[in-house]
$ cat start25.tsv   # TSV, N, CA and C atoms
chain	number	residue	atom	x	y	z
A	1	MET	N	48.77	-61.94	-61.72
A	1	MET	CA	48.07	-62.53	-60.59
A	1	MET	C	49.09	-62.85	-59.49
A	2	THR	N	48.80	-62.43	-58.29
A	2	THR	CA	49.71	-62.68	-57.18
A	2	THR	C	49.46	-64.06	-56.60
A	3	ASP	N	50.41	-64.51	-55.77
A	3	ASP	CA	50.29	-65.83	-55.15
A	3	ASP	C	49.08	-65.91	-54.23
A	4	LEU	N	48.64	-64.79	-53.67
A	4	LEU	CA	47.48	-64.81	-52.77
A	4	LEU	C	46.17	-64.96	-53.52
A	5	GLU	N	46.16	-64.67	-54.83
A	5	GLU	CA	44.95	-64.78	-55.63
A	5	GLU	C	44.85	-66.07	-56.42
A	6	ARG	N	45.94	-66.78	-56.54
A	6	ARG	CA	45.95	-68.01	-57.35
A	6	ARG	C	45.05	-69.07	-56.73
A	7	THR	N	44.41	-69.87	-57.58
A	7	THR	CA	43.58	-70.97	-57.08
A	7	THR	C	44.22	-72.33	-57.31
A	8	SER	N	45.32	-72.37	-58.04
A	8	SER	CA	46.08	-73.60	-58.22
A	8	SER	C	47.57	-73.25	-58.21
A	9	PRO	N	48.40	-74.17	-57.73
A	9	PRO	CA	49.83	-73.84	-57.59
A	9	PRO	C	50.58	-73.87	-58.91
A	10	ASN	N	51.63	-73.07	-58.98
A	10	ASN	CA	52.55	-73.18	-60.12
A	10	ASN	C	53.53	-74.32	-59.81
A	11	LEU	N	54.48	-74.55	-60.68
A	11	LEU	CA	55.38	-75.70	-60.52
A	11	LEU	C	56.20	-75.61	-59.23
A	12	VAL	N	56.75	-74.44	-58.94
A	12	VAL	CA	57.57	-74.28	-57.73
A	12	VAL	C	56.71	-74.50	-56.48
A	13	GLN	N	55.51	-73.92	-56.46
A	13	GLN	CA	54.62	-74.11	-55.32
A	13	GLN	C	54.22	-75.58	-55.17
A	14	TRP	N	53.97	-76.25	-56.31
A	14	TRP	CA	53.59	-77.66	-56.26
A	14	TRP	C	54.73	-78.51	-55.71
A	15	LEU	N	55.96	-78.22	-56.11
A	15	LEU	CA	57.10	-78.97	-55.58
A	15	LEU	C	57.26	-78.74	-54.08
A	16	LYS	N	57.05	-77.50	-53.63
A	16	LYS	CA	57.09	-77.23	-52.20
A	16	LYS	C	55.94	-77.94	-51.48
A	17	TYR	N	54.77	-77.96	-52.09
A	17	TYR	CA	53.61	-78.69	-51.54
A	17	TYR	C	53.92	-80.18	-51.44
A	18	THR	N	54.59	-80.71	-52.44
A	18	THR	CA	55.00	-82.11	-52.44
A	18	THR	C	55.95	-82.38	-51.28
A	19	ALA	N	56.80	-81.40	-50.95
A	19	ALA	CA	57.75	-81.55	-49.85
A	19	ALA	C	57.12	-81.30	-48.49
A	20	GLY	N	55.84	-80.87	-48.46
A	20	GLY	CA	55.15	-80.70	-47.18
A	20	GLY	C	54.84	-79.28	-46.79
A	21	GLN	N	55.14	-78.32	-47.64
A	21	GLN	CA	54.83	-76.93	-47.30
A	21	GLN	C	53.37	-76.64	-47.64
A	22	PRO	N	52.64	-75.95	-46.76
A	22	PRO	CA	51.24	-75.63	-47.06
A	22	PRO	C	51.14	-74.58	-48.17
A	23	LEU	N	50.02	-74.60	-48.87
A	23	LEU	CA	49.73	-73.60	-49.89
A	23	LEU	C	48.93	-72.46	-49.28
A	24	THR	N	48.73	-71.40	-50.03
A	24	THR	CA	47.98	-70.25	-49.52
A	24	THR	C	46.50	-70.61	-49.37
A	25	ALA	N	45.79	-69.79	-48.61
A	25	ALA	CA	44.37	-70.04	-48.33
A	25	ALA	C	43.53	-70.02	-49.61
A	26	SER	N	43.94	-69.26	-50.61
A	26	SER	CA	43.17	-69.20	-51.86
A	26	SER	C	43.21	-70.52	-52.63
A	27	MET	N	44.12	-71.41	-52.28
A	27	MET	CA	44.26	-72.69	-52.98
A	27	MET	C	43.64	-73.85	-52.21
A	28	ARG	N	42.87	-73.58	-51.17
A	28	ARG	CA	42.28	-74.65	-50.37
A	28	ARG	C	41.37	-75.55	-51.19
A	29	GLY	N	40.63	-74.97	-52.11
A	29	GLY	CA	39.77	-75.77	-52.98
A	29	GLY	C	40.59	-76.75	-53.82
A	30	TRP	N	41.73	-76.28	-54.31
A	30	TRP	CA	42.60	-77.15	-55.10
A	30	TRP	C	43.16	-78.26	-54.22
A	31	VAL	N	43.58	-77.91	-52.98
A	31	VAL	CA	44.12	-78.90	-52.04
A	31	VAL	C	43.07	-79.94	-51.72
A	32	GLU	N	41.84	-79.49	-51.44
A	32	GLU	CA	40.77	-80.44	-51.14
A	32	GLU	C	40.53	-81.38	-52.30
A	33	ASN	N	40.46	-80.85	-53.51
A	33	ASN	CA	40.27	-81.71	-54.68
A	33	ASN	C	41.45	-82.66	-54.87
A	34	ASP	N	42.65	-82.17	-54.60
A	34	ASP	CA	43.84	-83.00	-54.77
A	34	ASP	C	43.86	-84.17	-53.78
A	35	LEU	N	43.40	-83.92	-52.56
A	35	LEU	CA	43.54	-84.93	-51.50
A	35	LEU	C	42.31	-85.81	-51.31
A	36	VAL	N	41.11	-85.32	-51.63
A	36	VAL	CA	39.92	-86.14	-51.43
A	36	VAL	C	39.04	-86.21	-52.68
A	37	GLY	N	39.41	-85.50	-53.72
A	37	GLY	CA	38.62	-85.50	-54.94
A	37	GLY	C	38.87	-86.75	-55.78
A	38	ARG	N	38.33	-86.69	-56.96
A	38	ARG	CA	38.47	-87.81	-57.89
A	38	ARG	C	39.94	-88.00	-58.26
A	39	GLY	N	40.41	-89.24	-58.21
A	39	GLY	CA	41.80	-89.54	-58.55
A	39	GLY	C	42.80	-89.20	-57.47
A	40	ALA	N	42.34	-89.09	-56.23
A	40	ALA	CA	43.23	-88.70	-55.14
A	40	ALA	C	44.33	-89.73	-54.88
A	41	VAL	N	44.01	-91.01	-55.00
A	41	VAL	CA	45.02	-92.05	-54.73
A	41	VAL	C	46.13	-92.03	-55.77
A	42	PRO	N	45.83	-92.04	-57.08
A	42	PRO	CA	46.94	-91.94	-58.05
A	42	PRO	C	47.75	-90.65	-57.90
A	43	LYS	N	47.07	-89.55	-57.58
A	43	LYS	CA	47.80	-88.29	-57.37
A	43	LYS	C	48.75	-88.42	-56.18
A	44	HIS	N	48.26	-89.06	-55.12
A	44	HIS	CA	49.10	-89.24	-53.93
A	44	HIS	C	50.32	-90.11	-54.25
A	45	LEU	N	50.10	-91.20	-54.99
A	45	LEU	CA	51.21	-92.09	-55.34
A	45	LEU	C	52.24	-91.36	-56.20
A	46	PHE	N	51.78	-90.60	-57.17
A	46	PHE	CA	52.70	-89.84	-58.02
A	46	PHE	C	53.46	-88.81	-57.19
A	47	ARG	N	52.73	-88.05	-56.36
A	47	ARG	CA	53.34	-87.00	-55.54
A	47	ARG	C	54.38	-87.59	-54.59
A	48	ALA	N	54.10	-88.77	-54.05
A	48	ALA	CA	55.02	-89.38	-53.08
A	48	ALA	C	56.28	-89.93	-53.74
A	49	MET	N	56.25	-90.21	-55.02
A	49	MET	CA	57.42	-90.75	-55.70
A	49	MET	C	58.40	-89.66	-56.12
A	50	ILE	N	57.98	-88.41	-56.16
A	50	ILE	CA	58.84	-87.31	-56.60
A	50	ILE	C	60.12	-87.22	-55.76
A	51	PRO	N	60.05	-87.27	-54.42
A	51	PRO	CA	61.30	-87.19	-53.64
A	51	PRO	C	62.25	-88.37	-53.87
A	52	PHE	N	61.73	-89.48	-54.35
A	52	PHE	CA	62.57	-90.66	-54.58
A	52	PHE	C	63.27	-90.64	-55.94
A	53	LEU	N	62.91	-89.72	-56.81
A	53	LEU	CA	63.50	-89.70	-58.16
A	53	LEU	C	65.02	-89.65	-58.14
A	54	PRO	N	65.67	-88.81	-57.32
A	54	PRO	CA	67.14	-88.83	-57.32
A	54	PRO	C	67.71	-90.20	-56.92
A	55	ILE	N	67.06	-90.88	-56.01
A	55	ILE	CA	67.54	-92.20	-55.59
A	55	ILE	C	67.38	-93.19	-56.74
A	56	PHE	N	66.21	-93.17	-57.38
A	56	PHE	CA	65.98	-94.09	-58.50
A	56	PHE	C	66.94	-93.83	-59.64
A	57	ILE	N	67.18	-92.57	-59.95
A	57	ILE	CA	68.13	-92.23	-61.01
A	57	ILE	C	69.54	-92.66	-60.61
A	58	GLY	N	69.87	-92.47	-59.32
A	58	GLY	CA	71.18	-92.88	-58.83
A	58	GLY	C	71.43	-94.37	-58.98
A	59	PHE	N	70.39	-95.19	-58.81
A	59	PHE	CA	70.56	-96.63	-59.01
A	59	PHE	C	71.02	-96.95	-60.42
A	60	PHE	N	70.53	-96.21	-61.38
A	60	PHE	CA	70.91	-96.47	-62.76
A	60	PHE	C	72.25	-95.85	-63.13
A	61	VAL	N	72.54	-94.68	-62.61
A	61	VAL	CA	73.71	-93.94	-63.07
A	61	VAL	C	74.95	-94.22	-62.24
A	62	LEU	N	74.82	-94.28	-60.92
A	62	LEU	CA	75.98	-94.33	-60.05
A	62	LEU	C	76.51	-95.73	-59.75
A	63	PHE	N	75.66	-96.72	-59.81
A	63	PHE	CA	76.11	-98.07	-59.46
A	63	PHE	C	76.64	-98.80	-60.69
A	64	PRO	N	77.80	-99.44	-60.53
A	64	PRO	CA	78.32	-100.22	-61.66
A	64	PRO	C	77.59	-101.56	-61.73
A	65	GLY	N	77.71	-102.19	-62.84
A	65	GLY	CA	77.12	-103.51	-62.98
A	65	GLY	C	76.23	-103.59	-64.20
A	66	PRO	N	75.78	-104.80	-64.49
A	66	PRO	CA	74.92	-104.98	-65.66
A	66	PRO	C	73.58	-104.26	-65.49
A	67	LEU	N	72.93	-104.02	-66.60
A	67	LEU	CA	71.66	-103.30	-66.61
A	67	LEU	C	70.59	-104.01	-65.79
A	68	TRP	N	70.57	-105.34	-65.84
A	68	TRP	CA	69.54	-106.07	-65.10
A	68	TRP	C	69.70	-105.88	-63.59
A	69	LEU	N	70.95	-105.77	-63.12
A	69	LEU	CA	71.19	-105.57	-61.69
A	69	LEU	C	70.74	-104.17	-61.26
A	70	ARG	N	71.08	-103.17	-62.06
A	70	ARG	CA	70.65	-101.81	-61.74
A	70	ARG	C	69.13	-101.69	-61.84
A	71	GLY	N	68.55	-102.37	-62.82
A	71	GLY	CA	67.09	-102.38	-62.94
A	71	GLY	C	66.43	-103.06	-61.76
A	72	SER	N	67.05	-104.12	-61.26
A	72	SER	CA	66.52	-104.81	-60.08
A	72	SER	C	66.59	-103.92	-58.84
A	73	MET	N	67.67	-103.17	-58.71
A	73	MET	CA	67.79	-102.24	-57.57
A	73	MET	C	66.72	-101.16	-57.66
A	74	PHE	N	66.50	-100.66	-58.87
A	74	PHE	CA	65.44	-99.67	-59.06
A	74	PHE	C	64.09	-100.26	-58.70
A	75	LEU	N	63.80	-101.45	-59.19
A	75	LEU	CA	62.51	-102.08	-58.93
A	75	LEU	C	62.29	-102.33	-57.45
A	76	LEU	N	63.30	-102.81	-56.75
A	76	LEU	CA	63.18	-103.04	-55.32
A	76	LEU	C	62.92	-101.72	-54.58
A	77	GLY	N	63.67	-100.70	-54.91
A	77	GLY	CA	63.46	-99.40	-54.29
A	77	GLY	C	62.08	-98.85	-54.59
A	78	PHE	N	61.64	-98.98	-55.83
A	78	PHE	CA	60.31	-98.50	-56.23
A	78	PHE	C	59.21	-99.25	-55.48
A	79	LEU	N	59.31	-100.57	-55.40
A	79	LEU	CA	58.28	-101.36	-54.71
A	79	LEU	C	58.23	-101.03	-53.21
A	80	LEU	N	59.40	-100.87	-52.59
A	80	LEU	CA	59.42	-100.49	-51.17
A	80	LEU	C	58.82	-99.10	-50.96
A	81	ALA	N	59.16	-98.16	-51.83
A	81	ALA	CA	58.61	-96.82	-51.72
A	81	ALA	C	57.09	-96.84	-51.90
A	82	MET	N	56.61	-97.62	-52.86
A	82	MET	CA	55.16	-97.72	-53.07
A	82	MET	C	54.47	-98.37	-51.88
A	83	PHE	N	55.08	-99.39	-51.32
A	83	PHE	CA	54.50	-100.08	-50.17
A	83	PHE	C	54.30	-99.10	-49.01
A	84	PHE	N	55.35	-98.36	-48.67
A	84	PHE	CA	55.25	-97.44	-47.54
A	84	PHE	C	54.36	-96.25	-47.88
A	85	THR	N	54.34	-95.84	-49.13
A	85	THR	CA	53.44	-94.75	-49.53
A	85	THR	C	51.99	-95.17	-49.34
A	86	LEU	N	51.67	-96.39	-49.76
A	86	LEU	CA	50.30	-96.88	-49.58
A	86	LEU	C	49.97	-97.12	-48.11
A	87	ALA	N	50.94	-97.63	-47.36
A	87	ALA	CA	50.70	-97.93	-45.95
A	87	ALA	C	50.41	-96.67	-45.14
A	88	TYR	N	51.07	-95.56	-45.47
A	88	TYR	CA	50.91	-94.33	-44.71
A	88	TYR	C	50.11	-93.26	-45.45
A	89	MET	N	49.30	-93.69	-46.42
A	89	MET	CA	48.56	-92.73	-47.23
A	89	MET	C	47.55	-91.93	-46.39
A	90	GLU	N	46.76	-92.59	-45.56
A	90	GLU	CA	45.75	-91.88	-44.77
A	90	GLU	C	46.36	-90.90	-43.78
A	91	PRO	N	47.37	-91.30	-42.97
A	91	PRO	CA	47.97	-90.29	-42.08
A	91	PRO	C	48.61	-89.12	-42.83
A	92	ASN	N	49.25	-89.41	-43.96
A	92	ASN	CA	49.85	-88.34	-44.76
A	92	ASN	C	48.78	-87.40	-45.30
A	93	ARG	N	47.68	-87.96	-45.77
A	93	ARG	CA	46.59	-87.15	-46.31
A	93	ARG	C	46.00	-86.27	-45.21
A	94	ALA	N	45.76	-86.86	-44.04
A	94	ALA	CA	45.19	-86.09	-42.92
A	94	ALA	C	46.13	-84.96	-42.51
A	95	ARG	N	47.41	-85.24	-42.45
A	95	ARG	CA	48.38	-84.21	-42.06
A	95	ARG	C	48.45	-83.10	-43.11
A	96	ARG	N	48.42	-83.46	-44.38
A	96	ARG	CA	48.46	-82.46	-45.44
A	96	ARG	C	47.19	-81.59	-45.42
A	97	LEU	N	46.04	-82.21	-45.15
A	97	LEU	CA	44.80	-81.44	-45.01
A	97	LEU	C	44.90	-80.47	-43.85
A	98	GLU	N	45.40	-80.95	-42.72
A	98	GLU	CA	45.53	-80.12	-41.53
A	98	GLU	C	46.49	-78.95	-41.76
A	99	LEU	N	47.61	-79.21	-42.42
A	99	LEU	CA	48.58	-78.14	-42.71
A	99	LEU	C	47.97	-77.04	-43.57
A	100	ASN	N	47.02	-77.41	-44.42
A	100	ASN	CA	46.41	-76.45	-45.33
A	100	ASN	C	45.10	-75.87	-44.80
A	101	GLY	N	44.84	-76.04	-43.51
A	101	GLY	CA	43.68	-75.42	-42.89
A	101	GLY	C	42.36	-76.11	-43.14
A	102	LEU	N	42.39	-77.38	-43.50
A	102	LEU	CA	41.17	-78.16	-43.72
A	102	LEU	C	41.04	-79.21	-42.62
A	103	PRO	N	39.83	-79.70	-42.38
A	103	PRO	CA	39.68	-80.73	-41.33
A	103	PRO	C	40.41	-82.01	-41.72
A	104	PRO	N	41.17	-82.60	-40.80
A	104	PRO	CA	41.96	-83.79	-41.14
A	104	PRO	C	41.11	-85.02	-41.46
A	105	ASP	N	39.86	-85.03	-41.02
A	105	ASP	CA	39.00	-86.19	-41.30
A	105	ASP	C	38.09	-85.97	-42.50
A	106	LEU	N	38.42	-85.01	-43.34
A	106	LEU	CA	37.62	-84.69	-44.52
A	106	LEU	C	37.54	-85.89	-45.46
A	107	GLN	N	36.34	-86.19	-45.91
A	107	GLN	CA	36.12	-87.31	-46.83
A	107	GLN	C	35.52	-86.78	-48.13
A	108	SER	N	35.65	-87.55	-49.18
A	108	SER	CA	35.07	-87.17	-50.46
A	108	SER	C	33.55	-87.30	-50.38
A	109	ALA	N	32.86	-86.64	-51.29
A	109	ALA	CA	31.39	-86.70	-51.31
A	109	ALA	C	30.93	-88.15	-51.52
A	110	ARG	N	31.65	-88.89	-52.32
A	110	ARG	CA	31.29	-90.29	-52.58
A	110	ARG	C	31.40	-91.12	-51.31
A	111	LYS	N	32.47	-90.93	-50.53
A	111	LYS	CA	32.64	-91.68	-49.29
A	111	LYS	C	31.60	-91.27	-48.25
A	112	ARG	N	31.29	-89.97	-48.19
A	112	ARG	CA	30.26	-89.53	-47.25
A	112	ARG	C	28.91	-90.12	-47.62
A	113	ALA	N	28.58	-90.17	-48.91
A	113	ALA	CA	27.31	-90.75	-49.35
A	113	ALA	C	27.26	-92.25	-49.05
A	114	ALA	N	28.38	-92.94	-49.27
A	114	ALA	CA	28.42	-94.37	-48.97
A	114	ALA	C	28.26	-94.63	-47.48
A	115	ALA	N	28.89	-93.81	-46.64
A	115	ALA	CA	28.75	-93.97	-45.19
A	115	ALA	C	27.32	-93.70	-44.75
A	116	GLN	N	26.69	-92.69	-45.35
A	116	GLN	CA	25.30	-92.38	-45.00
A	116	GLN	C	24.37	-93.50	-45.44
A	117	ASP	N	24.60	-94.07	-46.62
A	117	ASP	CA	23.79	-95.21	-47.08
A	117	ASP	C	23.95	-96.40	-46.15
A	118	GLU	N	25.17	-96.67	-45.74
A	118	GLU	CA	25.41	-97.78	-44.83
A	118	GLU	C	24.72	-97.54	-43.48
A	119	ARG	N	24.78	-96.32	-42.99
A	119	ARG	CA	24.12	-95.99	-41.72
A	119	ARG	C	22.61	-96.15	-41.85
A	120	THR	N	22.05	-95.69	-42.97
A	120	THR	CA	20.61	-95.82	-43.20
A	120	THR	C	20.20	-97.28	-43.26
A	121	ARG	N	20.96	-98.09	-43.98
A	121	ARG	CA	20.66	-99.53	-44.06
A	121	ARG	C	20.73	-100.18	-42.68
A	122	TYR	N	21.76	-99.84	-41.92
A	122	TYR	CA	21.92	-100.40	-40.58
A	122	TYR	C	20.74	-100.03	-39.69
A	123	GLU	N	20.36	-98.75	-39.72
A	123	GLU	CA	19.27	-98.29	-38.87
A	123	GLU	C	17.93	-98.90	-39.29
A	124	SER	N	17.77	-99.17	-40.59
A	124	SER	CA	16.52	-99.81	-41.02
A	124	SER	C	16.47	-101.29	-40.60
A	125	GLN	N	17.61	-101.95	-40.54
A	125	GLN	CA	17.66	-103.35	-40.14
A	125	GLN	C	17.68	-103.52	-38.63
A	126	HIS	N	18.16	-102.52	-37.93
A	126	HIS	CA	18.27	-102.58	-36.46
A	126	HIS	C	17.66	-101.33	-35.84
A	127	PRO	N	16.33	-101.24	-35.84
A	127	PRO	CA	15.71	-100.03	-35.30
A	127	PRO	C	15.91	-99.91	-33.79
A	128	ARG	N	15.95	-98.68	-33.34
A	128	ARG	CA	16.09	-98.42	-31.91
A	128	ARG	C	14.76	-98.66	-31.23
A	129	LYS	N	14.82	-99.15	-30.02
A	129	LYS	CA	13.58	-99.42	-29.29
A	129	LYS	C	13.22	-98.33	-28.36
$ encode --input "start25.tsv" --output "structure tokens"
Amino acid sequence: MTDLERTSPNLVQWLKYTAGQPLTASMRGWVENDLVGRGAVPKHLFRAMIPFLPIFIGFFVLFPGPLWLRGSMFLLGFLLAMFFTLAYMEPNRARRLELNGLPPDLQSARKRAAAQDERTRYESQHPRK
């Protein structure tokens, strides 16, 4: 199977995708599921931590000192990385969707249904005159 026929990325393609490279058009369904499907937030958090692995490993291996100090450096770095990953999750998701040829404002079916329910409730409570 060639890369143009694949519907999900192999490890090398996934690592490039993690670094921001778009996947082929045949993988758009996989990208959509990855970014707006079920479990999109945990997938995003995991994917965003991959580039930080060398830094986290470096805290343990390269810095001298007791284990608790190196563990504290790792924890601080991890918490900061998670904070910024969560803070910029929506813009990152929109950009990744756009890079892969999907609409940047794409929402999951569950979010679309919830928005439609909210709109219906609002319109029933506040009818137009």
$ residues_around --input "start25.tsv" --residues "Glu5 of chain A" --least-positions-apart "4" --cutoff "8 Å" --atoms "all atoms listed in the file" --output "list in words"
Met1, Thr24, Ala25, Ser26 and Met27 of chain A
$ select_by_dssp --input "start25.tsv" --residues "chain A" --states "helix (DSSP H, G or I)" --output "PyMOL selection string"
chain A and resi 11-18+25-36+40-61+67-87+89-99+109-125
$ closest_residue --input "start25.tsv" --among "A:Met73, A:Val12, A:Leu97, A:Met89" --to "Glu32 of chain A" --atoms "only N, CA and C atoms"
A:Leu97
$ residues_around --input "start25.tsv" --residues "segment 15-18 of chain A" --least-positions-apart "3" --cutoff "8 Å" --atoms "all atoms listed in the file" --output "VMD selection string"
chain A and resid 9 to 12 21 to 23 47 to 48 50 to 51
$ axis_aligned_box --input "start25.tsv" --around "segment 75-94 of chain A" --padding-each-side "4 Å" --output "JSON"
{"center_x": 54.5, "center_y": -94.0, "center_z": -50.6, "size_x": 26.6, "size_y": 26.1, "size_z": 25.1}
$ atom_distance --input "start25.tsv" --atom1 "atom CA of Phe60 of chain A" --atom2 "atom CA of Leu75 of chain A"
10.8 Å
$ atom_distance --input "start25.tsv" --atom1 "atom C of Ser8 of chain A" --atom2 "atom CA of Lys111 of chain A"
25.3 Å
$ residues_around --input "start25.tsv" --residues "segment 76-82 of chain A" --least-positions-apart "4" --cutoff "8 Å" --atoms "only N, CA and C atoms" --output "JSON, numbers by chain"
{"A": [45, 48, 49, 52, 55, 56, 70, 71, 72, 86, 87, 88]}
$ closest_residue --input "start25.tsv" --among "A:Lys129, A:Arg112, A:Arg6, A:Arg119" --to "Arg28 of chain A" --atoms "only C-alpha atoms"
A:Arg6
$ atom_distance --input "start25.tsv" --atom1 "atom N of Gly37 of chain A" --atom2 "atom CA of Ser108 of chain A"
5.7 Å
$ build_atoms --input "start25.tsv" --residues "segment 110-118 of chain A" --atoms "all heavy atoms" --output "CSV table (one decimal), in the coordinates of the input"
chain,number,residue,atom,x,y,z
A,110,ARG,N,31.6,-88.9,-52.3
A,110,ARG,CA,31.3,-90.3,-52.6
A,110,ARG,C,31.4,-91.1,-51.3
A,110,ARG,O,30.5,-91.9,-51.0
A,110,ARG,CB,32.2,-90.9,-53.7
A,110,ARG,CG,31.7,-92.2,-54.2
A,110,ARG,CD,32.6,-92.7,-55.3
A,110,ARG,NE,33.9,-93.0,-54.7
A,110,ARG,CZ,35.0,-93.0,-55.4
A,110,ARG,NH1,35.1,-92.7,-56.7
A,110,ARG,NH2,36.2,-93.3,-54.8
A,111,LYS,N,32.5,-90.9,-50.5
A,111,LYS,CA,32.6,-91.7,-49.3
A,111,LYS,C,31.6,-91.3,-48.2
A,111,LYS,O,31.1,-92.1,-47.5
A,111,LYS,CB,34.0,-91.5,-48.7
A,111,LYS,CG,35.1,-92.3,-49.4
A,111,LYS,CD,36.4,-92.2,-48.7
A,111,LYS,CE,37.5,-93.0,-49.4
A,111,LYS,NZ,38.8,-92.9,-48.7
A,112,ARG,N,31.3,-90.0,-48.2
A,112,ARG,CA,30.3,-89.5,-47.2
A,112,ARG,C,28.9,-90.1,-47.6
A,112,ARG,O,28.2,-90.6,-46.7
A,112,ARG,CB,30.2,-88.0,-47.2
A,112,ARG,CG,31.3,-87.3,-46.5
A,112,ARG,CD,31.0,-85.9,-46.3
A,112,ARG,NE,30.8,-85.1,-47.5
A,112,ARG,CZ,31.7,-84.4,-48.2
A,112,ARG,NH1,32.9,-84.4,-47.8
A,112,ARG,NH2,31.3,-83.8,-49.3
A,113,ALA,N,28.6,-90.2,-48.9
A,113,ALA,CA,27.3,-90.8,-49.4
A,113,ALA,C,27.3,-92.2,-49.0
A,113,ALA,O,26.2,-92.8,-48.6
A,113,ALA,CB,27.1,-90.5,-50.8
A,114,ALA,N,28.4,-92.9,-49.3
A,114,ALA,CA,28.4,-94.4,-49.0
A,114,ALA,C,28.3,-94.6,-47.5
A,114,ALA,O,27.5,-95.6,-47.1
A,114,ALA,CB,29.7,-95.0,-49.5
A,115,ALA,N,28.9,-93.8,-46.6
A,115,ALA,CA,28.8,-94.0,-45.2
A,115,ALA,C,27.3,-93.7,-44.8
A,115,ALA,O,26.8,-94.4,-43.9
A,115,ALA,CB,29.7,-93.0,-44.5
A,116,GLN,N,26.7,-92.7,-45.4
A,116,GLN,CA,25.3,-92.4,-45.0
A,116,GLN,C,24.4,-93.5,-45.4
A,116,GLN,O,23.5,-93.9,-44.7
A,116,GLN,CB,24.9,-91.1,-45.6
A,116,GLN,CG,23.5,-90.6,-45.3
A,116,GLN,CD,23.3,-90.4,-43.8
A,116,GLN,OE1,24.2,-89.9,-43.1
A,116,GLN,NE2,22.2,-90.8,-43.3
A,117,ASP,N,24.6,-94.1,-46.6
A,117,ASP,CA,23.8,-95.2,-47.1
A,117,ASP,C,24.0,-96.4,-46.2
A,117,ASP,O,23.0,-97.1,-45.8
A,117,ASP,CB,24.2,-95.6,-48.5
A,117,ASP,CG,23.7,-94.6,-49.6
A,117,ASP,OD1,22.9,-93.7,-49.2
A,117,ASP,OD2,24.2,-94.7,-50.7
A,118,GLU,N,25.2,-96.7,-45.7
A,118,GLU,CA,25.4,-97.8,-44.8
A,118,GLU,C,24.7,-97.5,-43.5
A,118,GLU,O,24.1,-98.4,-42.9
A,118,GLU,CB,26.9,-98.0,-44.6
A,118,GLU,CG,27.3,-99.2,-43.8
A,118,GLU,CD,28.8,-99.4,-43.7
A,118,GLU,OE1,29.5,-98.8,-44.5
A,118,GLU,OE2,29.1,-100.1,-42.8
